[in-house]
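Asks: Please find structure-v1.cif (mmCIF, C-alpha atoms) on the next line:
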```cif
data_coords
#
loop_
_atom_site.label_atom_id
_atom_site.label_comp_id
_atom_site.auth_asym_id
_atom_site.auth_seq_id
_atom_site.Cartn_x
_atom_site.Cartn_y
_atom_site.Cartn_z
CA MET A 20 18.11 -21.29 44.84
CA THR A 21 21.63 -19.94 44.62
CA THR A 22 22.59 -17.74 41.69
CA PRO A 23 25.40 -19.21 39.57
CA VAL A 24 28.58 -17.14 39.48
CA TRP A 25 29.63 -15.27 36.34
CA GLN A 26 32.73 -16.79 34.72
CA THR A 27 34.94 -14.57 32.56
CA ILE A 28 35.69 -16.16 29.18
CA SER A 29 37.24 -13.17 27.37
CA THR A 30 38.51 -9.68 28.19
CA THR A 31 39.00 -8.61 24.56
CA PHE A 32 35.67 -9.53 22.97
CA MET A 33 35.15 -7.63 19.67
CA LYS A 34 37.84 -5.18 20.78
CA ASN A 35 39.39 -4.81 17.32
CA ASP A 36 36.14 -3.72 15.62
CA LYS A 37 35.43 0.01 15.73
CA PRO A 38 33.27 1.67 16.87
CA TYR A 39 32.82 -0.11 20.19
CA GLY A 40 30.20 -2.83 20.62
CA GLY A 41 29.82 -6.59 20.72
CA GLY A 42 26.68 -6.66 18.62
CA ASN A 43 23.88 -9.18 19.01
CA SER A 44 26.16 -12.16 19.55
CA ARG A 45 25.51 -15.90 19.67
CA ILE A 46 28.04 -18.26 21.19
CA ASN A 47 28.59 -22.00 20.90
CA GLY A 48 31.67 -23.11 22.80
CA ASN A 49 34.48 -21.09 21.25
CA GLU A 50 32.52 -20.22 18.09
CA VAL A 51 30.78 -16.85 17.71
CA ILE A 52 28.41 -15.19 15.24
CA SER A 53 27.28 -11.61 15.70
CA LEU A 54 24.97 -9.10 14.04
CA LYS A 55 26.11 -5.55 14.75
CA ILE A 56 24.50 -2.21 13.96
CA ALA A 57 27.12 0.52 14.21
CA ASP A 58 27.62 4.24 13.73
CA PRO A 59 30.38 5.32 11.35
CA VAL A 60 33.82 5.84 12.84
CA ILE A 61 34.37 9.52 13.72
CA THR A 62 37.97 10.78 13.71
CA PHE A 63 39.37 14.15 14.81
CA LYS A 64 42.07 16.50 13.55
CA PRO A 65 45.38 16.70 15.39
CA VAL A 66 45.86 19.65 17.75
CA GLU A 67 48.12 21.57 15.34
CA GLN A 68 45.30 21.70 12.75
CA LEU A 69 42.58 23.00 15.07
CA LYS A 70 41.18 26.51 14.68
CA ASP A 71 40.67 26.59 18.44
CA PRO A 72 42.92 24.28 20.50
CA GLN A 73 40.10 23.92 23.04
CA VAL A 74 37.50 22.72 20.50
CA ALA A 75 37.72 19.29 18.84
CA GLU A 76 37.12 19.21 15.06
CA PRO A 77 36.13 16.11 13.08
CA THR A 78 38.49 15.13 10.28
CA GLU A 79 35.80 15.45 7.59
CA ALA A 80 32.86 17.86 7.38
CA TRP A 81 30.17 15.14 7.18
CA MET A 82 31.22 13.90 10.62
CA SER A 83 29.63 17.01 12.16
CA ASN A 84 26.29 16.41 10.43
CA THR A 85 23.95 14.22 12.49
CA ALA A 86 21.77 13.29 9.49
CA GLU A 87 24.83 12.26 7.49
CA THR A 88 26.24 10.11 10.28
CA LEU A 89 22.87 8.37 10.72
CA ASN A 90 22.78 7.70 6.98
CA ARG A 91 26.17 6.00 7.26
CA ASN A 92 25.10 3.52 9.93
CA THR A 93 25.82 -0.05 8.88
CA VAL A 94 24.61 -3.58 9.56
CA SER A 95 27.43 -6.14 9.78
CA PHE A 96 27.65 -9.89 10.26
CA PHE A 97 30.71 -11.37 11.94
CA ARG A 98 31.89 -14.92 12.46
CA GLY A 99 34.91 -16.27 14.28
CA THR A 100 36.12 -17.52 17.63
CA ILE A 101 36.47 -16.06 21.10
CA ASP A 102 40.21 -16.68 21.33
CA VAL A 103 41.30 -15.70 17.79
CA GLY A 104 38.71 -13.02 16.98
CA LEU A 105 35.87 -12.33 14.54
CA THR A 106 35.85 -11.53 10.82
CA ARG A 107 33.27 -9.34 9.08
CA TYR A 108 31.62 -11.17 6.16
CA PHE A 109 28.63 -8.88 5.51
CA GLN A 110 28.12 -5.11 5.67
CA GLN A 111 25.24 -3.05 4.32
CA PRO A 112 23.78 0.41 5.05
CA GLY A 113 21.10 0.30 7.72
CA GLN A 114 19.92 1.76 10.99
CA ASP A 115 17.98 -1.37 11.95
CA ALA A 116 18.03 -5.09 11.17
CA ALA A 117 16.50 -8.48 11.94
CA TRP A 118 18.11 -11.90 11.57
CA TRP A 119 17.63 -15.64 11.89
CA TYR A 120 20.19 -18.44 11.98
CA SER A 121 19.80 -22.22 11.79
CA LYS A 122 20.77 -24.42 14.74
CA ASP A 123 23.98 -25.49 13.02
CA TRP A 124 24.67 -21.88 11.87
CA SER A 125 24.91 -23.02 8.24
CA THR A 126 22.05 -20.74 7.10
CA GLN A 127 21.41 -17.13 8.03
CA TYR A 128 18.87 -14.54 6.92
CA ILE A 129 19.34 -10.80 7.49
CA SER A 130 16.93 -7.97 6.73
CA THR A 131 18.29 -4.41 6.69
CA ASP A 132 16.28 -1.22 7.17
CA TRP A 133 17.62 2.15 5.97
CA MET A 134 16.10 5.63 6.05
CA ASP A 135 17.47 8.82 4.49
CA TYR A 136 17.70 11.26 7.40
CA LYS A 137 18.67 14.11 5.08
CA LEU A 138 15.20 14.17 3.51
CA PRO A 139 12.58 16.42 5.15
CA GLU A 140 10.02 14.54 7.23
CA PRO A 141 6.65 14.27 5.42
CA LYS A 142 3.53 15.79 6.98
CA ASN A 143 2.21 12.37 8.03
CA GLY A 144 5.51 11.58 9.76
CA LEU A 145 5.96 8.39 7.74
CA SER A 146 9.41 8.84 6.28
CA PRO A 147 10.12 6.19 3.63
CA HIS A 148 12.24 3.20 4.67
CA ILE A 149 14.12 0.82 2.41
CA THR A 150 14.15 -2.84 3.42
CA LYS A 151 16.42 -5.45 1.85
CA LEU A 152 16.61 -9.19 2.53
CA TRP A 153 19.72 -11.37 2.36
CA ARG A 154 20.53 -15.07 2.82
CA SER A 155 23.68 -17.11 3.33
CA ARG A 156 23.93 -20.88 2.84
CA ASP A 157 27.59 -21.30 3.86
CA GLY A 158 27.61 -20.15 7.46
CA GLY A 159 27.63 -16.44 6.67
CA LYS A 160 30.73 -16.30 4.43
CA THR A 161 28.87 -15.36 1.22
CA TRP A 162 25.50 -13.67 0.80
CA THR A 163 22.71 -13.51 -1.79
CA GLN A 164 20.18 -10.69 -1.94
CA LEU A 165 16.65 -12.10 -2.19
CA ASP A 166 13.80 -10.53 -4.13
CA TRP A 167 11.90 -8.42 -1.58
CA PRO A 168 9.80 -5.23 -2.08
CA GLU A 169 11.77 -2.40 -0.49
CA SER A 170 8.64 -0.78 0.99
CA ARG A 171 7.80 -3.87 3.09
CA ASN A 172 9.30 -3.50 6.54
CA ILE A 173 10.64 -6.60 8.30
CA GLY A 174 10.88 -6.41 12.05
CA GLN A 175 11.29 -10.13 12.78
CA LEU A 176 12.40 -13.26 10.96
CA LEU A 177 11.24 -16.58 12.44
CA PHE A 178 12.05 -19.88 10.73
CA LEU A 179 11.33 -23.54 11.40
CA ASP A 180 14.30 -24.64 9.32
CA SER A 181 16.52 -23.30 6.56
CA ASP A 182 13.63 -23.01 4.06
CA ARG A 183 10.37 -22.57 6.00
CA GLY A 184 9.61 -19.46 7.95
CA TYR A 185 7.91 -16.12 8.47
CA ALA A 186 8.68 -12.43 8.07
CA VAL A 187 6.72 -10.06 10.32
CA GLY A 188 6.59 -6.32 9.80
CA TRP A 189 4.69 -3.05 10.10
CA GLY A 190 0.92 -3.05 9.75
CA PRO A 191 1.29 -5.51 11.35
CA ARG A 192 1.78 -7.88 8.41
CA VAL A 193 2.89 -11.50 8.11
CA TRP A 194 4.43 -13.34 5.16
CA ARG A 195 5.30 -17.04 4.88
CA THR A 196 7.91 -18.78 2.74
CA ALA A 197 8.47 -22.49 2.18
CA ASP A 198 11.28 -22.23 -0.39
CA GLY A 199 14.07 -20.37 1.34
CA GLY A 200 12.75 -16.88 0.71
CA HIS A 201 12.36 -17.15 -3.07
CA THR A 202 8.59 -16.64 -2.80
CA TRP A 203 6.40 -15.28 -0.01
CA LYS A 204 2.69 -15.56 0.72
CA ALA A 205 0.87 -12.81 2.63
CA ILE A 206 -1.20 -14.09 5.57
CA LYS A 207 -4.24 -12.12 6.68
CA VAL A 208 -3.68 -10.86 10.23
CA PRO A 209 -6.36 -10.66 12.97
CA LEU A 210 -8.70 -7.70 12.44
CA HIS A 211 -8.26 -6.13 15.89
CA ALA A 212 -4.46 -6.23 15.57
CA THR A 213 -4.58 -3.41 13.00
CA GLU A 214 -5.59 0.26 13.15
CA ASP A 215 -6.55 2.31 10.12
CA ASP A 216 -4.63 5.37 11.33
CA ALA A 217 -1.52 3.41 12.39
CA PRO A 218 0.01 1.84 9.26
CA ARG A 219 3.25 1.12 11.13
CA LYS A 220 1.71 -0.63 14.10
CA THR A 221 3.47 -3.80 15.25
CA PHE A 222 2.45 -6.83 17.28
CA ASP A 223 3.34 -6.54 20.96
CA ALA A 224 5.05 -9.92 20.80
CA VAL A 225 5.59 -12.81 18.37
CA ASP A 226 6.74 -16.41 18.92
CA LEU A 227 7.27 -19.44 16.69
CA GLY A 228 6.67 -22.69 18.57
CA PRO A 229 8.69 -25.88 18.01
CA ASP A 230 5.72 -27.38 16.11
CA GLY A 231 5.65 -24.49 13.64
CA THR A 232 2.76 -22.61 15.27
CA LEU A 233 3.14 -18.84 15.00
CA ARG A 234 1.65 -16.85 17.89
CA VAL A 235 1.05 -13.10 17.90
CA ALA A 236 -0.03 -10.88 20.81
CA TYR A 237 -1.83 -7.55 20.52
CA TYR A 238 -3.73 -5.24 22.87
CA VAL A 239 -7.43 -4.50 22.37
CA PRO A 240 -8.50 -1.32 24.23
CA GLU A 241 -11.82 -0.95 26.00
CA GLU A 242 -13.33 1.39 23.42
CA MET A 243 -13.29 -1.34 20.79
CA GLU A 244 -16.70 -3.01 20.71
CA ASP A 245 -17.31 -2.25 24.41
CA ILE A 246 -15.19 -5.20 25.53
CA GLN A 247 -12.89 -5.66 28.48
CA PRO A 248 -9.43 -4.20 27.74
CA GLU A 249 -7.18 -7.18 27.18
CA SER A 250 -4.38 -8.67 25.20
CA ILE A 251 -5.26 -11.35 22.70
CA VAL A 252 -2.90 -14.10 21.59
CA ASP A 253 -3.82 -15.72 18.28
CA ARG A 254 -2.12 -18.72 16.67
CA LEU A 255 -1.40 -19.74 13.10
CA LYS A 256 -0.60 -23.36 12.32
CA TRP A 257 1.95 -24.00 9.60
CA ASP A 258 -0.55 -25.77 7.33
CA SER A 259 -3.23 -23.08 7.81
CA ASP A 260 -3.76 -19.73 6.13
CA ALA A 261 -5.91 -18.23 8.90
CA PHE A 262 -5.17 -17.17 12.47
CA GLU A 263 -7.36 -18.59 15.23
CA PHE A 264 -7.88 -17.56 18.85
CA ASP A 265 -5.44 -18.97 21.39
CA VAL A 266 -5.86 -17.21 24.77
CA LYS A 267 -6.71 -13.82 26.25
CA LEU A 268 -4.89 -11.92 29.00
CA PRO A 269 -7.30 -9.45 30.66
CA ASN A 270 -6.04 -5.97 31.53
CA GLN A 271 -2.40 -6.50 30.52
CA VAL A 272 0.00 -5.64 27.72
CA VAL A 273 2.28 -8.43 26.52
CA VAL A 274 6.02 -7.72 26.46
CA SER A 275 7.30 -11.11 25.31
CA LEU A 276 6.04 -14.51 24.13
CA GLN A 277 8.28 -17.56 24.42
CA SER A 278 7.58 -21.26 23.96
CA GLU A 279 9.32 -24.13 25.69
CA PRO A 280 12.26 -25.59 23.66
CA VAL A 281 11.20 -29.19 23.07
CA PRO A 282 11.16 -31.57 20.05
CA PRO A 283 8.44 -30.70 17.48
CA ASP A 284 6.14 -33.62 18.37
CA TYR A 285 6.13 -32.92 22.12
CA GLY A 286 3.55 -30.95 24.03
CA TYR A 287 4.94 -27.67 25.31
CA SER A 288 4.11 -24.62 27.40
CA VAL A 289 3.83 -21.05 26.12
CA TYR A 290 4.84 -18.20 28.42
CA ALA A 291 3.74 -14.57 28.25
CA LEU A 292 5.52 -11.77 30.07
CA SER A 293 3.18 -8.79 30.50
CA ARG A 294 2.72 -5.42 32.16
CA LEU A 295 -0.51 -5.18 34.14
CA GLY A 296 -2.87 -2.35 33.26
CA PRO A 297 -3.28 -0.28 30.09
CA PRO A 298 -0.44 0.87 27.83
CA ARG A 299 1.39 3.98 28.95
CA ASP A 300 -0.44 7.20 28.09
CA TRP A 301 2.32 9.46 26.80
CA LYS A 302 -0.04 12.45 26.75
CA ASP A 303 -0.68 12.08 30.49
CA LEU A 304 2.31 13.57 32.33
CA SER A 305 1.28 11.81 35.54
CA ASP A 306 1.65 8.39 33.90
CA ASN A 307 5.28 7.38 34.48
CA GLY A 308 4.78 4.06 32.72
CA ARG A 309 5.51 1.95 35.79
CA ARG A 310 3.39 -1.18 35.91
CA SER A 311 3.56 -4.39 37.88
CA GLY A 312 4.64 -7.27 35.69
CA ALA A 313 3.14 -10.73 35.36
CA LEU A 314 4.10 -14.11 33.97
CA SER A 315 1.35 -16.32 32.53
CA THR A 316 1.45 -19.72 30.87
CA TRP A 317 -0.70 -22.20 28.94
CA GLY A 318 -0.26 -25.33 26.84
CA ASN A 319 -0.16 -25.79 23.08
CA ARG A 320 -2.80 -28.52 22.77
CA GLY A 321 -6.55 -28.04 22.71
CA ASN A 322 -8.46 -25.09 24.13
CA GLN A 323 -6.35 -23.48 26.83
CA THR A 324 -6.77 -20.81 29.50
CA ALA A 325 -3.79 -18.70 30.50
CA GLU A 326 -2.85 -19.00 34.17
CA GLN A 327 -1.00 -16.16 35.85
CA HIS A 328 1.92 -17.70 37.75
CA HIS A 329 3.77 -14.72 39.21
CA THR A 330 3.63 -10.96 39.66
CA PHE A 331 6.73 -8.75 39.59
CA ASP A 332 7.38 -5.51 41.48
CA ALA A 333 6.33 -2.28 39.74
CA ARG A 334 9.80 -0.79 40.33
CA LEU A 335 11.07 -3.10 37.58
CA THR A 336 10.57 -2.35 33.90
CA LEU A 337 10.21 -5.71 32.17
CA ASP A 338 12.36 -6.01 29.06
CA GLY A 339 12.30 -9.64 27.94
CA LEU A 340 11.94 -13.33 28.70
CA SER A 341 13.98 -16.48 27.99
CA VAL A 342 12.66 -20.03 28.41
CA GLY A 343 15.20 -22.79 28.88
CA LYS A 344 15.11 -26.50 29.54
CA ARG A 345 13.96 -28.28 32.71
CA GLY A 346 11.92 -25.39 34.07
CA VAL A 347 14.48 -22.61 33.75
CA LEU A 348 12.93 -19.18 33.14
CA LEU A 349 14.80 -15.86 33.00
CA VAL A 350 13.11 -12.47 33.05
CA TYR A 351 15.19 -9.43 32.13
CA ALA A 352 14.26 -6.13 33.75
CA THR A 353 15.59 -2.64 34.43
CA ASP A 354 15.51 -0.89 37.80
CA ALA A 355 15.67 2.88 37.42
CA THR A 356 14.29 3.75 40.84
CA GLY A 357 17.64 4.04 42.64
CA GLN A 358 20.50 6.48 42.51
CA GLY A 359 22.70 6.65 39.42
CA ALA A 360 22.28 4.78 36.15
CA PRO A 361 19.53 2.18 35.70
CA ARG A 362 20.54 -1.34 36.74
CA ASP A 363 20.07 -4.52 34.70
CA ILE A 364 18.22 -7.16 36.70
CA THR A 365 17.90 -10.89 36.03
CA LEU A 366 14.93 -12.64 37.66
CA ALA A 367 15.38 -16.40 37.56
CA SER A 368 13.28 -19.47 38.24
CA LYS A 369 14.35 -23.11 38.03
CA ASP A 370 10.93 -24.61 38.82
CA TYR A 371 8.73 -23.37 35.95
CA GLY A 372 8.01 -20.02 37.63
CA LYS A 373 6.99 -21.15 41.11
CA SER A 374 9.89 -19.45 42.93
CA TRP A 375 12.24 -16.67 41.88
CA THR A 376 15.57 -15.06 42.72
CA GLU A 377 16.63 -11.53 41.78
CA THR A 378 20.17 -10.65 40.72
CA ASP A 379 21.54 -7.15 40.13
CA ASP A 380 23.84 -7.54 37.11
CA GLY A 381 24.93 -3.92 37.03
CA ILE A 382 25.13 -2.31 33.60
CA THR A 383 25.60 -4.75 30.73
CA GLN A 384 26.15 -4.07 27.04
CA GLY A 385 24.31 -7.17 25.88
CA VAL A 386 22.75 -10.39 27.10
CA TYR A 387 22.15 -13.68 25.31
CA PHE A 388 20.64 -16.93 26.62
CA ASP A 389 21.35 -20.31 25.05
CA ALA A 390 18.20 -22.35 25.71
CA ALA A 391 19.88 -25.59 24.61
CA THR A 392 22.37 -25.43 27.49
CA ASN A 393 20.64 -23.01 29.92
CA THR A 394 23.70 -20.76 29.62
CA GLN A 395 23.44 -16.99 29.97
CA TYR A 396 26.07 -14.65 28.51
CA GLY A 397 26.71 -11.06 29.54
CA LEU A 398 29.00 -8.41 28.02
CA TYR A 399 30.67 -5.78 30.19
CA GLY A 400 32.77 -3.52 27.99
CA TYR A 401 35.14 -5.95 26.26
CA THR A 402 34.66 -8.56 28.98
CA LEU A 403 32.46 -11.50 28.05
CA LYS A 404 31.05 -13.62 30.89
CA LYS A 405 28.81 -16.66 31.20
CA ARG A 406 26.85 -18.54 33.81
CA THR A 407 24.81 -21.73 33.56
CA TRP A 408 21.50 -22.12 35.35
#
```
As C-alpha cells, please, write out the structure in this file.
Replies:
Amino acid sequence: MTTPVWQTISTTFMKNDKPYGGGNSRINGNEVISLKIADPVITFKPVEQLKDPQVAEPTEAWMSNTAETLNRNTVSFFRGTIDVGLTRYFQQPGQDAAWWYSKDWSTQYISTDWMDYKLPEPKNGLSPHITKLWRSRDGGKTWTQLDWPESRNIGQLLFLDSDRGYAVGWGPRVWRTADGGHTWKAIKVPLHATEDDAPRKTFDAVDLGPDGTLRVAYYVPEEMEDIQPESIVDRLKWDSDAFEFDVKLPNQVVVSLQSEPVPPDYGYSVYALSRLGPPRDWKDLSDNGRRSGALSTWGNRGNQTAEQHHTFDARLTLDGLSVGKRGVLLVYATDATGQGAPRDITLASKDYGKSWTETDDGITQGVYFDAATNTQYGLYGYTLKKRTW
C-alpha cells in the first residue's frame, strides 16, 4: 500500500487568532469549526521602559504570575471557512473542555472545566474544579448555559443525535439525557471500574456505537479477587439502565475504543487499541512505560470474543485510533527513541488491520480524521494539509 501524499490547503490557518494554535478543528470542504483552549496573550514593555534592557518585562504584573495566567485560560469556539477565516462565537474561562457536534454542525455541546490555581492545594490533592455545560442550536452562533452541578466533572460528551447522549466524568461516572441536556439520569457504573481511594479515576476508553451502545474500558489488576490482570469492556444499550459484560482483553491496558462508522441498523466491528502488560509503575524508576501495542476487534452482535489482529513495536507510544470506511484504520503513535524531538507516526491499514504501513509525519500541531470520507488532516504551524486514504 502506498501512502497518500499530503496536500496543502492553507498556509494561514487560524493565523489571526492569538495566541498561536489551530485548536481541535473539524473540516468539511471549506467549512471549519474549532474548539480551542488557549493561554492569555502576554505582551511586553518596549525597550525604553525596561529597568534592565537585557531582561524582558511583561506589560502588566499578572503576566508574570503563573497561577494568574493559568486562571485566565479560555475555551473558545470558532466557526468560519478556510479561505476567509474563522470567527469566535463562544469564550469562557477554562483550562480544559469537552465537546460534541451533530453531523450537520447545527447543534454543539461544550463543557468547560476551570480551577483556581491561586488557591492552596488541599491536603488530599483534590483541588475543586468548576464545570459548566453549554449548548448551541444554531451552528454555534449563540449559546445557552444548561443546568449542570458545577462539582460534576465532564471529560467526554457522546451523543446519538441532537437530544440523546451521555456525559462521562470522574469517578468514573455516567449520565444520560434524552431531552437535549435539560435533565440527566445517573447510570450505575461497573463495580470494578471504581476505586474507593481514587474519586477522580476515569475510564481508560469510551465509545458510543452507531446503534447507541455505550462501551467503557477499564483495567482490573491482579490483586482484585485473585483474577488474571486484564482490561474489561462493558456495554450499555440505550434502552437499558445497567451495564453488561462485552469482552475481556487479558494483560493489556486499553488506549482507545472505536466502532465502525455504519448505519445504526447494520452490524459493525469494535476496535480496541491497547498497550500490552500492566500500567506503568511510576514509583519504579526502571519502568520507562514502553509497551508493545496491540489492536483487537470483535462484533457488536451476540456474545463475542476479542481477537488480537496486530502487534506494534514497543518503540512506539500509542496515542489514538481512528476507524474509517471500507477497512481503513489509522493508529497514531509517537516515536521518542531517536535523536531530537519525538516524531508523530501514522500507522495505516486499508484491509481491516491485516497489513500496515508506517509514515513519519514529523511534528504536527494537531490531527483530525474524517471517517465519512477517510480524509486525514494535519496542522504544521499555520499550514493545514490533508490526505485521503
Asks: Need to verify the contact set: Ser170 of chain A, 12 Å, all atoms listed in the file, exclusion of same-chain residues closer than 6 positions in sequence. Can you return it as an NGL selection string?
Replies: :A and (131-134 or 145-152 or 188-190 or 219)
Asks: What's the separation between atom CA of Ala86 of chain A and atom CA of Arg171 of chain A, in Å to one decimal place?
Replies: 23.0 Å
Asks: Taking the file as I've supplied it (selection: the PyMOL selection byres ((chain A and resi 288) around 7)), which residues are included? Please answer as a list in words.
Replies: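 Output of the PyMOL selection byres ((chain A and resi 288) around 7): Ser278, Glu279, Tyr287, Val289, Tyr290, Thr316, Trp317, Gly318 and Asn319 of chain A.
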Asks: The PyMOL selection byres ((chain A and resi 60) around 8) on the file shown: which residues, as number ranges by chain?
Replies: A: 37-38, 58-59, 61-62
Asks: Generate the output file for the selected residues, C-alpha atoms, as a compact mmCIF listing (two decimals), keeping the file's coordinate frame.
Replies:
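Wrote it out as result28.txt, contents follow:
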```txt
# COMPACT_ATOMS: atom_id res chain seq x y z
CA LYS A 37 35.43 0.01 15.73
CA PRO A 38 33.27 1.67 16.87
CA ASP A 58 27.62 4.24 13.73
CA PRO A 59 30.38 5.32 11.35
CA ILE A 61 34.37 9.52 13.72
CA THR A 62 37.97 10.78 13.71
```
Asks: When distances are computed from all atoms listed in the file, which of A:Thr232, A:Thr330, A:Asn43, A:Asn172 shows the smallest separation from Asp284 of chain A?
Replies: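 Closest to Asp284 of chain A, using all atoms listed in the file: A:Thr232.
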Asks: Can you work out the spacing between atom CA of Val239 of chain A and atom CA of Phe222 of chain A in Å, to one decimal?
Replies: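 That distance, rounded to one decimal, is 11.4 Å.
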Asks: Enter the distance from atom CA of Thr196 of chain A to atom CA of Thr161 of chain A, in Å, rounded to one decimal.
Replies: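 So the answer is 21.3 Å.
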Asks: Spell out the residues picked by the PyMOL selection byres ((chain A and resi 334) around 7) here, as a PyMOL selection string.
Replies: chain A and resi 309+332-333+335-336+354+356
Asks: Out of A:Tyr120, A:Tyr136, A:Trp375, A:Tyr285, which residue has the shortest atom-to-atom distance to Gly346 of chain A when counting only C-alpha atoms?
Replies: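 The closest residue to Gly346 of chain A is A:Trp375.
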Asks: So that I can check the surroundings of Val103 of chain A, please list as a PDB file with C-alpha atoms, in the frame of the given file every protein, DNA and RNA residue that reaches within 10 Å of it, counting only C-alpha atoms and ignoring chain neighbours fewer than 2 positions away.
Replies:
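Result saved to selection-v3.pdb:
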```pdb
ATOM      1  CA  PHE A  32      35.670  -9.530  22.970  1.00  0.00           C
ATOM      2  CA  ASN A  49      34.480 -21.090  21.250  1.00  0.00           C
ATOM      3  CA  GLU A  50      32.520 -20.220  18.090  1.00  0.00           C
ATOM      4  CA  GLY A  99      34.910 -16.270  14.280  1.00  0.00           C
ATOM      5  CA  THR A 100      36.120 -17.520  17.630  1.00  0.00           C
ATOM      6  CA  ILE A 101      36.470 -16.060  21.100  1.00  0.00           C
ATOM      7  CA  LEU A 105      35.870 -12.330  14.540  1.00  0.00           C
ATOM      8  CA  THR A 106      35.850 -11.530  10.820  1.00  0.00           C
TER       9      THR A 106
END
```
Asks: Identify which of the residues A:Gly184, A:Gly40, A:Pro77, A:Gly343 lies closest to Asp370 of chain A, counting only C-alpha atoms when measuring atom-to-atom distances.
Replies: A:Gly343
Asks: If you count only C-alpha atoms, which residues fall within 7 Å of segment 260-262 of chain A, apart from same-chain ones fewer than 4 positions away, as a PDB file with C-alpha atoms, keeping the file's coordinate frame?
Replies:
```
ATOM      1  CA  ILE A 206      -1.200 -14.090   5.570  1.00  0.00           C
ATOM      2  CA  LYS A 207      -4.240 -12.120   6.680  1.00  0.00           C
ATOM      3  CA  VAL A 208      -3.680 -10.860  10.230  1.00  0.00           C
ATOM      4  CA  PRO A 209      -6.360 -10.660  12.970  1.00  0.00           C
ATOM      5  CA  ASP A 253      -3.820 -15.720  18.280  1.00  0.00           C
ATOM      6  CA  ARG A 254      -2.120 -18.720  16.670  1.00  0.00           C
ATOM      7  CA  LEU A 255      -1.400 -19.740  13.100  1.00  0.00           C
TER       8      LEU A 255
END
```
Asks: Nearest residue to Gln127 of chain A out of A:Asp223, A:Glu169, A:Asn84, A:Gly199, using only C-alpha atoms?
Replies: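 With only C-alpha atoms as the atom set, the closest residue is A:Gly199.
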Asks: Let me make sure I understand: among A:Thr27, A:Ser95, A:Ser341, A:Thr21, which one has the smallest atom-to-atom distance to Gly42 of chain A if we use all atoms listed in the file?
Replies: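 For Gly42 of chain A, the nearest of the candidates is A:Ser95.
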Asks: In terms of the shortest atom-to-atom distance over all atoms listed in the file, which of A:Lys137, A:Arg195, A:Lys55, A:Lys70 is closest to Thr85 of chain A?
Replies: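 Answer, going by the shortest atom-to-atom distance: A:Lys137.
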Asks: Which residues come within 9 Å of Arg154 of chain A, counting all atoms listed in the file, excluding same-chain residues fewer than 4 positions away, as a PyMOL selection string?
Replies: chain A and resi 126-130+159+161-165+199-200
Asks: May I have the residues within 10 Å of segment 379-381 of chain A as a tab-separated table (two decimals) with C-alpha atoms, in the coordinates of the input, using only C-alpha atoms and disregarding those fewer than 6 positions away in the same chain?
Replies:
```
chain	number	residue	atom	x	y	z
A	25	TRP	CA	29.63	-15.27	36.34
A	352	ALA	CA	14.26	-6.13	33.75
A	353	THR	CA	15.59	-2.64	34.43
A	354	ASP	CA	15.51	-0.89	37.80
A	360	ALA	CA	22.28	4.78	36.15
A	361	PRO	CA	19.53	2.18	35.70
A	362	ARG	CA	20.54	-1.34	36.74
A	363	ASP	CA	20.07	-4.52	34.70
A	364	ILE	CA	18.22	-7.16	36.70
A	365	THR	CA	17.90	-10.89	36.03
A	366	LEU	CA	14.93	-12.64	37.66
A	397	GLY	CA	26.71	-11.06	29.54
A	399	TYR	CA	30.67	-5.78	30.19
```
